[in-house]
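Each remark here refers to the structure printed beneath this line.
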Amino acid sequence: MQSDETLRQVLRQWKVDAQLPPRFQEQVWRQIERSEPQVLMPAWVLLWRRATAALARPSLAASYVTLLLLAGLLAGYWQVRITRAQAEDNMGVRYVQLVAPFQNPHR
């Protein structure tokens with residue numbers, strides 16, 4: 001018990017005057033990273049982590065939602081144009097069949 005108190009007192013009084021080499025902490029962390037085993041993750045896990053980290057920022061999340069909204073509107077507009085063009089073609093063929101039922105409109 002007394003030796004513990006003596007040790008604590010000695011440690012409190014101990015002063016280190018030596019200077020650490022430049023970038024010492026950076027080198028220590030680099031060495032720790034190298035010594036840890038590298039775990040290979042699937043690409044989708046990395047992509048998911050990066051996406052969730054990026055979307056944690058409100059400005060980027062708002063931009064992403066706006067981009068998705070615009071992409072959805074553009075895809076919907078494009079689909080409506082195609083459907084409308086097909087409907088107009090079908091209506092033209094039906095009209096020709098009504099006016100001249102024995103005429104082949106696809107010549």
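So you can find residues: chains in the structure tokens are A, B, ... in the order shown, residues in each start at 1, and ligands are numbered from 1 in order.
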- Message: Residues of chain A classed as alpha helix (DSSP H) by DSSP on the backbone are to be reported as a PyMOL selection string.
- Response: chain A and resi 2-13+24-35+43-55+58-99
- Message: What does the structure give for the distance between atom CA of Pro37 of chain A and atom CA of Phe24 of chain A, in Å to one decimal?
- Response: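 Answer for the atom CA of Pro37 of chain A to atom CA of Phe24 of chain A separation: 22.1 Å.
You will find atom CA of Gln27 of chain A at 25.6 Å from atom CA of Met41 of chain A.
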